[in-house]
Amino acid sequence: MKPNLKSKEEVARIREAGAILAECHREIGKMMAPGITTAEIDGFVESFLAKRGAKPEQKGYRGFPYATCASINEVVCHGFPGPQRLNAGDIVTIDMVVNKNGWLADSAWSYRVGDVNPEADRLLRTTEKALYAGIDAAKPGNRIGDIGYAVQRVAMEAGVGIVKPLIGHGIGRQMHEPPDVPNFGRPRSGVKLLAGMVITIEPIFTLGETGAVLWDNDGWTIRSADGSLGAHYEHTLAITEDGPVILTI
């Protein structure tokens, strides 16, 4: 399928959703401390979005029951918010999609709960670095493989694992639009990047080198197969003639 190119006006609509999402993440960062629960964070997000005339797009998506995905430690993606209190040293990823007037923006961020150990900190810094390496490669005329290769290089240099089944994607009026944006690839391969494309880039890494994962019986929660920590960073961005523009910052 061909990417659905967006007009400047449509990109501005996505940016509006992205600004709300970024503001919400900033507030979550202030809340993140030992003793809080991910259920409390989820309730805050739903209320925060409602006050701004927005809604959490993933609530109800294929039966997903929450406003956010909340993934703790070895859970790398799609974790359910719950009553478990966070402890100092935990990593928790909050992933959400904001719908503002029918236009969507998607962003995930991995948070430190208090002080984390050096290896956890290294994983977080590496994953965030890979996100921005992928964004730097998202220039018109480059290809999807250039993004994946940029992300992959950061993981390989750090000796961490890439969760290959989980990928970025196009976004707009639908949560998942073409093209797929893997976190690995070959330079100069794949779909050509064009001005007007809006995509997410979202490296998901594990401290274990394989990046292998297992799905829980709930059909959603994904955790590292070896029990190692996972991290996930994601932005929504527009490809413009002048280069990539992050819409969730």
# chains A, B, ... in the order shown; residues from 1 in each chain; ligands from 1
>>> closest_atom_pairs(of="stretch 6-79 of chain A", to="stretch 195-218 of chain A", cutoff="8 Å", atoms="only C-alpha atoms", output="JSON lines")
{"residue": "A:Lys6", "atom": "CA", "partner": "A:Gly196", "partner_atom": "CA", "distance": 4.7}
{"residue": "A:Ser7", "atom": "CA", "partner": "A:Gly196", "partner_atom": "CA", "distance": 6.3}
{"residue": "A:Lys8", "atom": "CA", "partner": "A:Gly196", "partner_atom": "CA", "distance": 7.5}
{"residue": "A:Val11", "atom": "CA", "partner": "A:Val198", "partner_atom": "CA", "distance": 7.7}
{"residue": "A:Val76", "atom": "CA", "partner": "A:Ile204", "partner_atom": "CA", "distance": 7.1}
>>> write_last_selection(atoms="N, CA and C atoms", output="mmCIF file, in the first residue's frame")
data_model
loop_
_atom_site.group_PDB
_atom_site.id
_atom_site.type_symbol
_atom_site.label_atom_id
_atom_site.label_comp_id
_atom_site.auth_asym_id
_atom_site.auth_seq_id
_atom_site.Cartn_x
_atom_site.Cartn_y
_atom_site.Cartn_z
ATOM 1 N N LYS A 6 0.166 13.629 3.680
ATOM 2 C CA LYS A 6 -0.647 14.615 4.385
ATOM 3 C C LYS A 6 -0.325 16.016 3.877
ATOM 4 N N SER A 7 -1.356 16.854 3.803
ATOM 5 C CA SER A 7 -1.152 18.260 3.484
ATOM 6 C C SER A 7 -0.582 18.973 4.709
ATOM 7 N N LYS A 8 -0.108 20.193 4.512
ATOM 8 C CA LYS A 8 0.415 20.967 5.642
ATOM 9 C C LYS A 8 -0.670 21.195 6.690
ATOM 10 N N VAL A 11 -1.026 17.944 8.625
ATOM 11 C CA VAL A 11 0.104 17.807 9.556
ATOM 12 C C VAL A 11 -0.110 18.699 10.776
ATOM 13 N N VAL A 76 8.140 -5.202 27.776
ATOM 14 C CA VAL A 76 8.695 -4.260 26.801
ATOM 15 C C VAL A 76 7.618 -3.443 26.099
#
>>> residues_around(residues="A:Glu119", least_positions_apart="4", cutoff="12 Å", atoms="only C-alpha atoms", output="PDB file with C-alpha atoms, in the first residue's frame")
ATOM      1  CA  GLY A  89      15.018   1.445  40.403  1.00  0.00           C
ATOM      2  CA  ILE A  91      11.788   1.321  34.523  1.00  0.00           C
ATOM      3  CA  ASP A 115      17.636   6.131  40.676  1.00  0.00           C
ATOM      4  CA  LEU A 123      19.713   0.767  28.135  1.00  0.00           C
ATOM      5  CA  LEU A 124      17.545   3.858  28.457  1.00  0.00           C
ATOM      6  CA  ARG A 125      20.190   6.165  27.049  1.00  0.00           C
ATOM      7  CA  THR A 126      20.903   3.779  24.170  1.00  0.00           C
ATOM      8  CA  ALA A 158      25.835  -0.977  22.519  1.00  0.00           C
ATOM      9  CA  GLY A 159      25.333  -4.753  22.498  1.00  0.00           C
ATOM     10  CA  VAL A 160      21.621  -4.599  23.298  1.00  0.00           C
ATOM     11  CA  THR A 206      16.300  -5.190  25.700  1.00  0.00           C
ATOM     12  CA  LEU A 207      19.432  -5.575  27.777  1.00  0.00           C
ATOM     13  CA  GLY A 208      19.534  -9.168  26.538  1.00  0.00           C
ATOM     14  CA  SER A 228      16.050  -8.681  30.935  1.00  0.00           C
ATOM     15  CA  LEU A 229      14.913  -5.063  31.115  1.00  0.00           C
ATOM     16  CA  GLY A 230      13.220  -3.427  28.133  1.00  0.00           C
ATOM     17  CA  ALA A 231      12.987   0.200  27.000  1.00  0.00           C
TER      18      ALA A 231
END
>>> residues_around(residues="A:Ala33", least_positions_apart="5", cutoff="10 Å", atoms="only C-alpha atoms", output="MDAnalysis selection string")
chainID A and resid 28 85:90 111:115
>>> closest_residue(among="A:Ile239, A:Pro140, A:Ala155, A:Ser110", to="A:Lys192", atoms="only C-alpha atoms")
A:Pro140
>>> residues_around(residues="stretch 141-145 of chain A", least_positions_apart="3", cutoff="7 Å", atoms="only C-alpha atoms", output="VMD selection string")
chain A and resid 138 148 to 149 181 185 to 194
>>> write_last_selection(atoms="N, CA and C atoms", output="short mmCIF file (atom, residue, chain, number, x, y, z; two decimals), in the first residue's frame")
data_model
loop_
_atom_site.label_atom_id
_atom_site.label_comp_id
_atom_site.auth_asym_id
_atom_site.auth_seq_id
_atom_site.Cartn_x
_atom_site.Cartn_y
_atom_site.Cartn_z
N ALA A 138 15.40 10.27 8.73
CA ALA A 138 14.08 10.37 8.10
C ALA A 138 13.99 11.62 7.23
N GLY A 148 15.77 2.23 9.65
CA GLY A 148 16.02 1.00 10.38
C GLY A 148 17.49 0.74 10.62
N TYR A 149 18.31 1.04 9.62
CA TYR A 149 19.75 0.83 9.75
C TYR A 149 20.34 1.76 10.81
N VAL A 181 7.67 0.69 9.71
CA VAL A 181 8.98 1.31 9.96
C VAL A 181 9.75 0.42 10.95
N GLY A 185 17.35 -2.69 9.28
CA GLY A 185 17.18 -2.59 7.83
C GLY A 185 18.50 -2.40 7.11
N ARG A 186 18.40 -2.34 5.80
CA ARG A 186 19.56 -2.12 4.94
C ARG A 186 19.47 -0.72 4.35
N PRO A 187 20.58 0.00 4.31
CA PRO A 187 20.56 1.33 3.70
C PRO A 187 20.05 1.27 2.25
N ARG A 188 19.33 2.30 1.87
CA ARG A 188 18.83 2.47 0.50
C ARG A 188 17.84 1.39 0.10
N SER A 189 17.14 0.80 1.07
CA SER A 189 16.15 -0.23 0.78
C SER A 189 14.79 0.21 1.32
N GLY A 190 13.75 -0.36 0.77
CA GLY A 190 12.41 -0.09 1.27
C GLY A 190 11.76 1.12 0.64
N VAL A 191 10.64 1.50 1.21
CA VAL A 191 9.82 2.60 0.70
C VAL A 191 10.59 3.91 0.75
N LYS A 192 10.50 4.68 -0.33
CA LYS A 192 11.14 5.99 -0.37
C LYS A 192 10.39 6.98 0.50
N LEU A 193 11.14 7.79 1.25
CA LEU A 193 10.54 8.79 2.11
C LEU A 193 10.21 10.05 1.29
N LEU A 194 8.97 10.50 1.44
CA LEU A 194 8.47 11.64 0.68
C LEU A 194 7.94 12.70 1.62
#
>>> closest_atom_pairs(of="stretch 147-174 of chain A", to="stretch 129-134 of chain A", cutoff="7 Å", atoms="only C-alpha atoms", output="Markdown table")
| residue | atom | partner | partner_atom | distance |
| --- | --- | --- | --- | --- |
| A:Ile147 | CA | A:Gly134 | CA | 4.7 |
| A:Gly148 | CA | A:Gly134 | CA | 6.8 |
| A:Ala150 | CA | A:Gly134 | CA | 5.3 |
| A:Val151 | CA | A:Ala130 | CA | 4.8 |
| A:Val154 | CA | A:Ala130 | CA | 5.5 |
>>> select_by_dssp(residues="stretch 32-178 of chain A", states="strand (DSSP E or B)", output="ChimeraX atom specification")
/A:37,55-56,69-72,75-77,85,91-100,103-112,140,142-143,161-162,168-170,177-178
>>> select_by_dssp(residues="stretch 32-165 of chain A", states="helix (DSSP H, G or I)", output="ChimeraX atom specification")
/A:38-51,61-63,118-136,144-158
>>> closest_residue(among="A:Ala120, A:Leu104, A:Ile222, A:Val75", to="A:Gly170", atoms="only C-alpha atoms")
A:Leu104
>>> atom_distance(atom1="atom CA of A:His232", atom2="atom CA of A:Pro83")
21.6 Å
>>> closest_residue(among="A:Ala39, A:Ala50, A:Leu5, A:Cys24", to="A:Pro65", atoms="only C-alpha atoms")
A:Ala39
>>> decode(residues="stretch 94-126 of chain A", atoms="N, CA, C and O atoms", output="CSV table (one decimal), in the first residue's frame")
chain,number,residue,atom,x,y,z
A,94,ILE,N,5.4,4.4,29.4
A,94,ILE,CA,4.0,4.8,29.2
A,94,ILE,C,3.9,5.2,27.7
A,94,ILE,O,4.6,6.1,27.2
A,95,ASP,N,3.0,4.5,27.0
A,95,ASP,CA,2.8,4.6,25.6
A,95,ASP,C,1.3,5.0,25.4
A,95,ASP,O,0.4,4.3,25.9
A,96,MET,N,1.1,6.0,24.6
A,96,MET,CA,-0.3,6.4,24.3
A,96,MET,C,-0.5,7.0,23.0
A,96,MET,O,0.5,7.5,22.4
A,97,VAL,N,-1.7,7.0,22.5
A,97,VAL,CA,-2.1,7.6,21.2
A,97,VAL,C,-3.2,8.6,21.5
A,97,VAL,O,-4.2,8.2,22.1
A,98,VAL,N,-3.0,9.8,21.2
A,98,VAL,CA,-4.0,10.9,21.4
A,98,VAL,C,-4.8,11.2,20.2
A,98,VAL,O,-4.2,11.3,19.1
A,99,ASN,N,-6.1,11.2,20.3
A,99,ASN,CA,-7.1,11.6,19.2
A,99,ASN,C,-7.6,12.9,19.6
A,99,ASN,O,-8.3,13.2,20.6
A,100,LYS,N,-7.3,13.9,18.7
A,100,LYS,CA,-7.9,15.2,18.8
A,100,LYS,C,-8.6,15.6,17.5
A,100,LYS,O,-8.0,15.7,16.4
A,101,ASN,N,-9.9,15.6,17.6
A,101,ASN,CA,-10.7,15.9,16.4
A,101,ASN,C,-10.5,14.9,15.2
A,101,ASN,O,-10.5,15.3,14.1
A,102,GLY,N,-10.2,13.7,15.6
A,102,GLY,CA,-10.1,12.7,14.5
A,102,GLY,C,-8.7,12.5,14.0
A,102,GLY,O,-8.4,11.6,13.1
A,103,TRP,N,-7.7,13.3,14.5
A,103,TRP,CA,-6.3,13.2,14.1
A,103,TRP,C,-5.5,12.7,15.2
A,103,TRP,O,-5.7,13.1,16.4
A,104,LEU,N,-4.5,11.8,14.9
A,104,LEU,CA,-3.8,11.0,15.9
A,104,LEU,C,-2.4,11.3,16.0
A,104,LEU,O,-1.7,11.6,15.0
A,105,ALA,N,-1.8,11.2,17.2
A,105,ALA,CA,-0.4,11.3,17.5
A,105,ALA,C,-0.1,10.2,18.5
A,105,ALA,O,-0.8,9.9,19.4
A,106,ASP,N,1.2,9.7,18.4
A,106,ASP,CA,1.6,8.5,19.1
A,106,ASP,C,3.0,8.7,19.7
A,106,ASP,O,3.9,9.1,19.0
A,107,SER,N,3.1,8.5,21.0
A,107,SER,CA,4.5,8.6,21.6
A,107,SER,C,4.6,7.8,22.8
A,107,SER,O,3.6,7.6,23.6
A,108,ALA,N,5.7,7.1,23.0
A,108,ALA,CA,6.1,6.3,24.2
A,108,ALA,C,7.3,6.9,24.8
A,108,ALA,O,8.2,7.4,24.1
A,109,TRP,N,7.4,6.8,26.1
A,109,TRP,CA,8.6,7.2,26.8
A,109,TRP,C,8.9,6.3,28.0
A,109,TRP,O,8.0,5.9,28.7
A,110,SER,N,10.2,5.9,28.2
A,110,SER,CA,10.6,5.1,29.3
A,110,SER,C,11.1,6.0,30.4
A,110,SER,O,12.0,6.8,30.2
A,111,TYR,N,10.5,5.8,31.6
A,111,TYR,CA,10.8,6.7,32.7
A,111,TYR,C,11.6,5.9,33.8
A,111,TYR,O,11.4,4.7,34.0
A,112,ARG,N,12.6,6.6,34.4
A,112,ARG,CA,13.3,6.0,35.6
A,112,ARG,C,12.4,6.3,36.8
A,112,ARG,O,12.0,7.5,37.0
A,113,VAL,N,12.2,5.3,37.6
A,113,VAL,CA,11.6,5.5,38.9
A,113,VAL,C,12.7,5.7,40.0
A,113,VAL,O,13.3,4.7,40.4
A,114,GLY,N,12.9,6.9,40.4
A,114,GLY,CA,14.0,7.2,41.3
A,114,GLY,C,15.3,6.9,40.5
A,114,GLY,O,15.4,7.0,39.3
A,115,ASP,N,16.3,6.5,41.3
A,115,ASP,CA,17.6,6.1,40.7
A,115,ASP,C,17.6,4.7,40.2
A,115,ASP,O,17.1,3.8,40.8
A,116,VAL,N,18.2,4.5,39.0
A,116,VAL,CA,18.2,3.1,38.4
A,116,VAL,C,19.7,2.7,38.3
A,116,VAL,O,20.6,3.5,38.4
A,117,ASN,N,19.9,1.4,38.2
A,117,ASN,CA,21.3,0.9,38.2
A,117,ASN,C,22.0,1.3,36.9
A,117,ASN,O,21.3,1.6,35.9
A,118,PRO,N,23.3,1.2,36.8
A,118,PRO,CA,24.0,1.7,35.6
A,118,PRO,C,23.6,1.0,34.3
A,118,PRO,O,23.6,1.6,33.3
A,119,GLU,N,23.3,-0.3,34.4
A,119,GLU,CA,23.0,-1.1,33.2
A,119,GLU,C,21.6,-0.6,32.7
A,119,GLU,O,21.4,-0.5,31.5
A,120,ALA,N,20.7,-0.4,33.6
A,120,ALA,CA,19.3,0.1,33.2
A,120,ALA,C,19.5,1.5,32.6
A,120,ALA,O,18.9,1.8,31.6
A,121,ASP,N,20.3,2.3,33.2
A,121,ASP,CA,20.5,3.7,32.7
A,121,ASP,C,21.1,3.6,31.3
A,121,ASP,O,20.7,4.4,30.4
A,122,ARG,N,22.1,2.7,31.1
A,122,ARG,CA,22.7,2.5,29.7
A,122,ARG,C,21.7,2.1,28.7
A,122,ARG,O,21.7,2.6,27.6
A,123,LEU,N,20.8,1.2,29.1
A,123,LEU,CA,19.7,0.8,28.1
A,123,LEU,C,18.8,1.9,27.8
A,123,LEU,O,18.5,2.1,26.6
A,124,LEU,N,18.4,2.7,28.7
A,124,LEU,CA,17.5,3.9,28.5
A,124,LEU,C,18.2,4.9,27.5
A,124,LEU,O,17.6,5.4,26.6
A,125,ARG,N,19.5,5.2,27.9
A,125,ARG,CA,20.2,6.2,27.0
A,125,ARG,C,20.4,5.6,25.6
A,125,ARG,O,20.3,6.4,24.6
A,126,THR,N,20.7,4.4,25.5
A,126,THR,CA,20.9,3.8,24.2
A,126,THR,C,19.6,3.8,23.3
A,126,THR,O,19.7,4.2,22.2
